[in-house]
Amino acid sequence: MTTAIPAKPAPADSPKLSSTGTYLLRGASLLGKEQADLLIRDGVIAAVGQGLDAPEGALTIDAHGLVALPGMVDLHTHLREPGREDAETVETGTRAAALGGFTAVHAMANSNPVADTAGVVEQVYSLGLKSGWVDVRPVGAVTVGLQGERLAELGAMADSRARVRVFSDDGMCVHDPVLMRRALEYVKAFDGVVAQHAQEPRMTDGAQMHEGEVSAVLGLPGWPAVAEESIIARDVLLAQHTGSRLHVCHVSTAGSVEIIRWAKERGINVTAEVTPHHLLLTDEAVRSYDPVYKVNPPLRTESDVEALRRGLADGTIDIVGTDHAPHPSEHKECEWAQAAMGMTGLETALSVVQATMIETGLMDWEGFARVTSATPARIGRVATQGRPLETGEPANVILVDPAARRTVDPHKMATMGKNSPYAGLELPGMVRAAFFAGHPTVLDGALNGPRAAAAEETPWIG
Amino acid sequence: MKHLLSTLDLSYQDAISILDTAEAMAAVGEREVKKLPALRGRTVVNLFFEDSTRTRISFEAAAKRLSADVINFSAKGSSVSKGESLKDTAQTLAAIGADAVVIRHGASGAPARLANSGWIDAAVLNAGDGTHEHPTQALLDAFTMRRHWAQLHGVPSAGTDLKGMHVAIVGDILHSRVARSDLWLLKTLGAEVTLVAPPTLLPFGVESWPCKVSYSLDETLETKPDAVMMLRVQAERMHSAFFPTVREYSRRYGFDDVRLDRLDTLGMDNTILLHPGPMNRGLEISSRAADSPRATVLAQVSNGVSVRMAALYLLLSGESSSQRTPQEVSAQ
């Protein structure tokens, strides 16, 4: 018996390129508002206006009915390389990112070896440059080996070619309060931020899913909301005490939203992130025992989902981060308790946010650009990303067809991970084109070609 | 019914059908030749990832009395202990031609995974998964209670349910697959249930469960339950601060001699005492209580074979459970 394996998305054999590096996007609706033409030349937005003339050699793209947005910036991506190239590589992960509408991703530090030295973050940075699909910004580990025992060489990573500004032990919580305090203080020296994975380890020893009515019936050890909220409460107080910048990864409970709201009202310098899956899915999905729904922090309840959506809409939660976590199929084709945690997200993030935030009337496309591009770029200190669609700005631009609908099929994705919780689900929105530094990485909804590696690496810290 | 995975999903109709079929099977167990040809040529695999001699031999006896071929697959010392996945094990059993897989697994949901993954087409019987469910244990408990309840009311048990019966389940509810399966099934059959445990050993959100909850065994006994189910307590729970000491647990939640005598004082002549076994004598149940005429422990064991015969028969006979009467079964 043979099964036809659908072809994975691959770059076009002969990418459509303008010989002069000039692209005219006709009639796009800027941030979902007024229609205008966008002229892209030499990596920047050269002109914005009505009825622009197409310069010689320009490739014209009909963008009527499409929304032009700044390229999305993910503060939370697992690219798995080095170490787990059977799960994802920088090449496949950034192809997925480009198809999903991203022009920059932050690669989390839990690779093998852990990205806790200048050498590893420079390796990931170089792989990103070589791939050329998006900006790859490595995240540095806070502690050596993510062990939570002693600080990694944060300064060396900050000063490396990778210019690390975001530090995280994501997957593990920096649970020692003294270590967390020191990390928050130390990164001030280079305007860094500590992105905390808020999970009290003792309270979640062996935890398998959200602790609630569903876990009680299923007999799976619970991951209580208080294990997240108690760490966030402690950390915002530490951030206040030290005057440091704190980012909270993947906020998942209504109580966490309340604590962050309280902290912001007190002027504490905290930002927070929510994943697409926590905006859509609940622990009810776990009743199937299908490990595709196993993720950390776990899927919570309907009222948590509601609070997260409102928190994102009112600015309590600053950004959407995918927590894209590809796994080889054998890590999910097993008993729930043995399965790995995590789900893919790069190629569905835009659609899920459109479904949960825009089609519900909670947010418009301008708000979408804020939470998926401008604010994550600011938190990660990526100067060339998340910029307005204005003349002279770097041309990191995507075109989105909000009217498109598609049924999610993990086998048609560029990511190697098949662990999409949305498989079979119809979702709105589709990325039609992506320009990364003025180069068309995606055209007609398909991969076009990567940007050639720059001979000289562009500094992006402004 | 294609699989038997939980009692939460078991309809009243199917539950009664299994219990009634088990009555017919029990009659077979009393004959000199304790064997039916019903499953001749069918293969039943006992796939045990956890040690459980009692449950395994009960299923083995049940399958053999129905003339099935039985293969015992213990994870210990097998390829599973060398890292073989559940998927590979399942596909191996499918290739061998298993018609039914009886699975005991330490991970909650493993039987559901086996049944719904498409790795194997056989009927799956959950013989206890993690802290989720143990449906055949609940069925044998209900069978034992139904016989008692029917006898009290002077009616044959076949076709009846547990309407009006009050059952207390005492002990480590949090970690007990038996308690969960018992609760759902007893509710389906019309009984009232009270869970009795220290607050640390009750699941989060138990308030939403269809039962009463009590922190006091003595207060619950005052309400004169018709049956008291004592759960085994694991001494290792002590190290996770679920209770201070084993002795304190035993004093507050053990069915000791004083409480046994209290049943007499309270005039509860017809209250029975159940235990899924194996018992910790002197811990959750005193020796005198375990050996008293109220205790149904051994009846539970023999009823277990009948109930498992019924479940295997109904899952493998290829007919809808409600289309066949127990008389037809025993007449085969």
# chains A, B, ... in the order shown; residues from 1 in each chain; ligands from 1

$ interface_residues --of "chain B" --to "chain A" --cutoff "9 Å" --atoms "only C-alpha atoms" --output "number ranges by chain"
B: 8, 85-87, 107-114, 116-117, 129-133, 174-177, 180, 203-206, 208-209

$ residues_around --residues "Gly267 of chain A" --least-positions-apart "3" --cutoff "12 Å" --atoms "only C-alpha atoms" --output "list in words"
Val236, Leu237, Ala239, Gln240, His241, Gly243, Ser244, Arg245, Ile260, Arg261, Trp262, Ala263, Lys264, Val270 and Thr271 of chain A

$ residues_around --residues "Lys34 of chain B" --least-positions-apart "6" --cutoff "12 Å" --atoms "only C-alpha atoms" --output "list in words"
Met25, Ala26, Ala27, Val28, Ala61, Ala62, Ala63, Lys64, Arg65, Leu66, Ser67, Val305, Ser306, Met309 and Ser330 of chain B

$ write_last_selection --atoms "N, CA and C atoms" --output "compact mmCIF listing (two decimals), in the first residue's frame"
# COMPACT_ATOMS: atom_id res chain seq x y z
N MET B 25 -23.89 -15.44 32.66
CA MET B 25 -22.54 -15.99 32.71
C MET B 25 -22.26 -16.61 34.08
N ALA B 26 -22.79 -15.99 35.12
CA ALA B 26 -22.57 -16.51 36.47
C ALA B 26 -23.15 -17.92 36.59
N ALA B 27 -24.27 -18.13 35.90
CA ALA B 27 -24.88 -19.46 35.93
C ALA B 27 -23.95 -20.49 35.31
N VAL B 28 -23.23 -20.07 34.27
CA VAL B 28 -22.26 -20.98 33.65
C VAL B 28 -21.17 -21.35 34.65
N ALA B 61 -9.49 -15.90 32.97
CA ALA B 61 -10.52 -16.90 33.25
C ALA B 61 -11.77 -16.62 32.43
N ALA B 62 -12.14 -15.34 32.33
CA ALA B 62 -13.34 -14.97 31.58
C ALA B 62 -13.21 -15.38 30.12
N ALA B 63 -12.07 -15.03 29.52
CA ALA B 63 -11.88 -15.33 28.09
C ALA B 63 -11.85 -16.84 27.86
N LYS B 64 -11.20 -17.57 28.77
CA LYS B 64 -11.08 -19.02 28.59
C LYS B 64 -12.44 -19.71 28.76
N ARG B 65 -13.26 -19.19 29.68
CA ARG B 65 -14.59 -19.80 29.84
C ARG B 65 -15.45 -19.59 28.60
N LEU B 66 -15.07 -18.59 27.80
CA LEU B 66 -15.80 -18.36 26.55
C LEU B 66 -15.09 -19.02 25.37
N SER B 67 -14.08 -19.86 25.68
CA SER B 67 -13.33 -20.63 24.67
C SER B 67 -12.46 -19.80 23.76
N VAL B 305 -15.34 -12.26 37.22
CA VAL B 305 -15.20 -13.14 36.06
C VAL B 305 -16.47 -13.09 35.22
N SER B 306 -17.63 -13.11 35.87
CA SER B 306 -18.90 -13.10 35.13
C SER B 306 -19.05 -11.81 34.32
N MET B 309 -16.69 -11.81 31.41
CA MET B 309 -17.22 -12.68 30.35
C MET B 309 -18.29 -11.94 29.56
N SER B 330 -26.86 -18.19 27.47
CA SER B 330 -26.52 -19.40 28.22
C SER B 330 -27.00 -20.65 27.47

$ residues_around --residues "Ala142 of chain B" --least-positions-apart "3" --cutoff "12 Å" --atoms "only C-alpha atoms" --output "ChimeraX atom specification"
/B:7,15-16,18-20,22,135-139,145-150,157,160-163,165,167,178,181-191,227,229,274,276,296,299-300,303-304,307

$ select_by_dssp --residues "segment 76-308 of chain A" --states "alpha helix (DSSP H)" --output "ChimeraX atom specification"
/A:90-99,118-131,154-159,177-186,213-218,225-242,254-265,276-280,302-308

$ residues_around --residues "Met363 of chain A" --least-positions-apart "3" --cutoff "12 Å" --atoms "only C-alpha atoms" --output "ChimeraX atom specification"
/A:31-32,309-315,353-360,366-371

$ residues_around --residues "Ala115 of chain A" --least-positions-apart "4" --cutoff "12 Å" --atoms "only C-alpha atoms" --output "MDAnalysis selection string"
chainID A and resid 78:83 107:111 119:125 137:146 152:154 156:157 162 164 166:170

$ atom_distance --atom1 "atom CA of Val44 of chain B" --atom2 "atom CA of His105 of chain B"
16.6 Å

$ select_by_dssp --residues "segment 174-403 of chain A" --states "strand (DSSP E)" --output "MDAnalysis selection string"
chainID A and resid 193:196 209:210 222:223 246:248 270:274 319:320 397:403

$ closest_residue --among "A:Ala339, A:Ile317, A:Val251, A:Leu350" --to "Val292 of chain A" --atoms "only C-alpha atoms"
A:Ala339

$ closest_residue --among "B:Gln234, B:Ser216, B:Thr265, B:Ser317" --to "Met279 of chain B" --atoms "only C-alpha atoms"
B:Gln234

$ atom_distance --atom1 "atom CA of Pro15 of chain A" --atom2 "atom CA of Gly449 of chain A"
5.6 Å

$ atom_distance --atom1 "atom CA of Gly254 of chain B" --atom2 "atom CA of Leu231 of chain B"
9.6 Å

$ residues_around --residues "Gly93 of chain A" --least-positions-apart "2" --cutoff "9 Å" --atoms "only C-alpha atoms" --output "list in words"
Thr77, His78, Leu79, Arg80, Glu88, Thr89, Val90, Glu91, Arg95, Ala96, Ala97, Ala98, Pro326, Leu346, Ala414, Thr415 and Met416 of chain A

$ write_last_selection --atoms "N, CA, C and O atoms" --output "PDB file, in the first residue's frame"
ATOM      1  N   THR A  77       9.560  31.554  19.114  1.00  0.00           N
ATOM      2  CA  THR A  77       9.578  30.481  18.116  1.00  0.00           C
ATOM      3  C   THR A  77      10.606  29.432  18.541  1.00  0.00           C
ATOM      4  O   THR A  77      11.687  29.779  19.012  1.00  0.00           O
ATOM      5  N   HIS A  78      10.263  28.180  18.362  1.00  0.00           N
ATOM      6  CA  HIS A  78      11.245  27.116  18.585  1.00  0.00           C
ATOM      7  C   HIS A  78      11.672  26.582  17.222  1.00  0.00           C
ATOM      8  O   HIS A  78      10.885  25.952  16.524  1.00  0.00           O
ATOM      9  N   LEU A  79      12.915  26.864  16.854  1.00  0.00           N
ATOM     10  CA  LEU A  79      13.418  26.419  15.541  1.00  0.00           C
ATOM     11  C   LEU A  79      14.170  25.100  15.646  1.00  0.00           C
ATOM     12  O   LEU A  79      14.524  24.505  14.632  1.00  0.00           O
ATOM     13  N   ARG A  80      14.429  24.653  16.898  1.00  0.00           N
ATOM     14  CA  ARG A  80      14.976  23.307  17.172  1.00  0.00           C
ATOM     15  C   ARG A  80      16.421  23.076  16.737  1.00  0.00           C
ATOM     16  O   ARG A  80      17.014  22.085  17.130  1.00  0.00           O
ATOM     17  N   GLU A  88      12.759  20.264  13.342  1.00  0.00           N
ATOM     18  CA  GLU A  88      12.713  21.500  12.564  1.00  0.00           C
ATOM     19  C   GLU A  88      14.143  21.975  12.367  1.00  0.00           C
ATOM     20  O   GLU A  88      15.026  21.633  13.166  1.00  0.00           O
ATOM     21  N   THR A  89      14.349  22.736  11.312  1.00  0.00           N
ATOM     22  CA  THR A  89      15.647  23.387  11.131  1.00  0.00           C
ATOM     23  C   THR A  89      15.378  24.878  10.978  1.00  0.00           C
ATOM     24  O   THR A  89      14.236  25.300  10.812  1.00  0.00           O
ATOM     25  N   VAL A  90      16.424  25.641  11.033  1.00  0.00           N
ATOM     26  CA  VAL A  90      16.258  27.073  10.822  1.00  0.00           C
ATOM     27  C   VAL A  90      15.658  27.310   9.433  1.00  0.00           C
ATOM     28  O   VAL A  90      14.764  28.128   9.247  1.00  0.00           O
ATOM     29  N   GLU A  91      16.107  26.520   8.445  1.00  0.00           N
ATOM     30  CA  GLU A  91      15.598  26.666   7.080  1.00  0.00           C
ATOM     31  C   GLU A  91      14.088  26.377   7.015  1.00  0.00           C
ATOM     32  O   GLU A  91      13.316  27.196   6.527  1.00  0.00           O
ATOM     33  N   ARG A  95      11.009  29.148   6.613  1.00  0.00           N
ATOM     34  CA  ARG A  95      10.078  29.059   5.471  1.00  0.00           C
ATOM     35  C   ARG A  95       8.637  29.126   5.991  1.00  0.00           C
ATOM     36  O   ARG A  95       7.793  29.825   5.435  1.00  0.00           O
ATOM     37  N   ALA A  96       8.399  28.370   7.063  1.00  0.00           N
ATOM     38  CA  ALA A  96       7.062  28.386   7.667  1.00  0.00           C
ATOM     39  C   ALA A  96       6.714  29.791   8.147  1.00  0.00           C
ATOM     40  O   ALA A  96       5.588  30.265   7.966  1.00  0.00           O
ATOM     41  N   ALA A  97       7.701  30.447   8.733  1.00  0.00           N
ATOM     42  CA  ALA A  97       7.466  31.801   9.227  1.00  0.00           C
ATOM     43  C   ALA A  97       7.080  32.733   8.089  1.00  0.00           C
ATOM     44  O   ALA A  97       6.109  33.496   8.181  1.00  0.00           O
ATOM     45  N   ALA A  98       7.833  32.659   6.979  1.00  0.00           N
ATOM     46  CA  ALA A  98       7.544  33.535   5.843  1.00  0.00           C
ATOM     47  C   ALA A  98       6.139  33.278   5.308  1.00  0.00           C
ATOM     48  O   ALA A  98       5.366  34.216   5.076  1.00  0.00           O
ATOM     49  N   PRO A 326       7.448  22.604  16.955  1.00  0.00           N
ATOM     50  CA  PRO A 326       7.319  21.388  16.144  1.00  0.00           C
ATOM     51  C   PRO A 326       7.935  20.180  16.846  1.00  0.00           C
ATOM     52  O   PRO A 326       8.916  20.300  17.566  1.00  0.00           O
ATOM     53  N   LEU A 346       3.313  28.818  13.454  1.00  0.00           N
ATOM     54  CA  LEU A 346       3.727  29.914  12.576  1.00  0.00           C
ATOM     55  C   LEU A 346       2.775  30.111  11.404  1.00  0.00           C
ATOM     56  O   LEU A 346       2.466  31.234  11.025  1.00  0.00           O
ATOM     57  N   ALA A 414       4.997  24.244   5.579  1.00  0.00           N
ATOM     58  CA  ALA A 414       6.448  24.214   5.370  1.00  0.00           C
ATOM     59  C   ALA A 414       7.176  23.717   6.613  1.00  0.00           C
ATOM     60  O   ALA A 414       8.285  23.200   6.525  1.00  0.00           O
ATOM     61  N   THR A 415       6.556  23.875   7.780  1.00  0.00           N
ATOM     62  CA  THR A 415       7.190  23.358   8.988  1.00  0.00           C
ATOM     63  C   THR A 415       7.253  21.841   8.925  1.00  0.00           C
ATOM     64  O   THR A 415       6.399  21.195   8.317  1.00  0.00           O
ATOM     65  N   MET A 416       8.294  21.265   9.529  1.00  0.00           N
ATOM     66  CA  MET A 416       8.392  19.817   9.580  1.00  0.00           C
ATOM     67  C   MET A 416       7.412  19.220  10.585  1.00  0.00           C
ATOM     68  O   MET A 416       7.102  18.044  10.529  1.00  0.00           O
TER      69      MET A 416
END

$ closest_residue --among "B:Ala179, B:Met230, B:Leu315, B:Ala241" --to "Glu284 of chain B" --atoms "only C-alpha atoms"
B:Met230

$ decode --residues "segment 81-101 of chain A" --atoms "N, CA, C and O atoms" --output "short mmCIF file (atom, residue, chain, number, x, y, z; two decimals), in the first residue's frame"
data_model
loop_
_atom_site.label_atom_id
_atom_site.label_comp_id
_atom_site.auth_asym_id
_atom_site.auth_seq_id
_atom_site.Cartn_x
_atom_site.Cartn_y
_atom_site.Cartn_z
N GLU A 81 16.97 23.93 15.89
CA GLU A 81 18.35 23.74 15.45
C GLU A 81 19.25 24.68 16.27
O GLU A 81 18.89 25.86 16.42
N PRO A 82 20.36 24.23 16.80
CA PRO A 82 20.96 22.91 16.66
C PRO A 82 20.35 21.87 17.62
O PRO A 82 19.83 22.23 18.66
N GLY A 83 20.44 20.61 17.23
CA GLY A 83 20.12 19.53 18.15
C GLY A 83 18.98 18.64 17.74
O GLY A 83 19.09 17.43 17.75
N ARG A 84 17.85 19.26 17.35
CA ARG A 84 16.71 18.43 16.97
C ARG A 84 16.32 18.75 15.53
O ARG A 84 15.19 19.16 15.25
N GLU A 85 17.25 18.49 14.62
CA GLU A 85 16.98 18.77 13.21
C GLU A 85 15.94 17.81 12.64
O GLU A 85 15.50 18.00 11.51
N ASP A 86 15.56 16.77 13.42
CA ASP A 86 14.46 15.91 12.96
C ASP A 86 13.11 16.56 13.23
O ASP A 86 12.09 16.14 12.70
N ALA A 87 13.10 17.59 14.08
CA ALA A 87 11.85 18.29 14.39
C ALA A 87 11.68 19.53 13.53
O ALA A 87 10.56 19.82 13.06
N GLU A 88 12.76 20.26 13.34
CA GLU A 88 12.71 21.50 12.56
C GLU A 88 14.14 21.97 12.37
O GLU A 88 15.03 21.63 13.17
N THR A 89 14.35 22.74 11.31
CA THR A 89 15.65 23.39 11.13
C THR A 89 15.38 24.88 10.98
O THR A 89 14.24 25.30 10.81
N VAL A 90 16.42 25.64 11.03
CA VAL A 90 16.26 27.07 10.82
C VAL A 90 15.66 27.31 9.43
O VAL A 90 14.76 28.13 9.25
N GLU A 91 16.11 26.52 8.45
CA GLU A 91 15.60 26.67 7.08
C GLU A 91 14.09 26.38 7.01
O GLU A 91 13.32 27.20 6.53
N THR A 92 13.66 25.22 7.52
CA THR A 92 12.24 24.88 7.40
C THR A 92 11.37 25.78 8.29
O THR A 92 10.27 26.18 7.90
N GLY A 93 11.87 26.08 9.46
CA GLY A 93 11.11 26.93 10.38
C GLY A 93 10.92 28.34 9.84
O GLY A 93 9.86 28.95 10.01
N THR A 94 11.96 28.86 9.18
CA THR A 94 11.81 30.23 8.67
C THR A 94 11.01 30.25 7.36
O THR A 94 10.37 31.25 7.04
N ARG A 95 11.01 29.15 6.61
CA ARG A 95 10.08 29.06 5.47
C ARG A 95 8.64 29.13 5.99
O ARG A 95 7.79 29.83 5.44
N ALA A 96 8.40 28.37 7.06
CA ALA A 96 7.06 28.39 7.67
C ALA A 96 6.71 29.79 8.15
O ALA A 96 5.59 30.27 7.97
N ALA A 97 7.70 30.45 8.73
CA ALA A 97 7.47 31.80 9.23
C ALA A 97 7.08 32.73 8.09
O ALA A 97 6.11 33.50 8.18
N ALA A 98 7.83 32.66 6.98
CA ALA A 98 7.54 33.54 5.84
C ALA A 98 6.14 33.28 5.31
O ALA A 98 5.37 34.22 5.08
N LEU A 99 5.78 32.00 5.15
CA LEU A 99 4.44 31.67 4.66
C LEU A 99 3.37 32.15 5.62
O LEU A 99 2.25 32.47 5.21
N GLY A 100 3.69 32.21 6.89
CA GLY A 100 2.73 32.64 7.90
C GLY A 100 2.64 34.15 8.04
O GLY A 100 1.85 34.64 8.83
N GLY A 101 3.46 34.88 7.29
CA GLY A 101 3.37 36.34 7.32
C GLY A 101 4.39 37.00 8.24
O GLY A 101 4.29 38.18 8.52
#
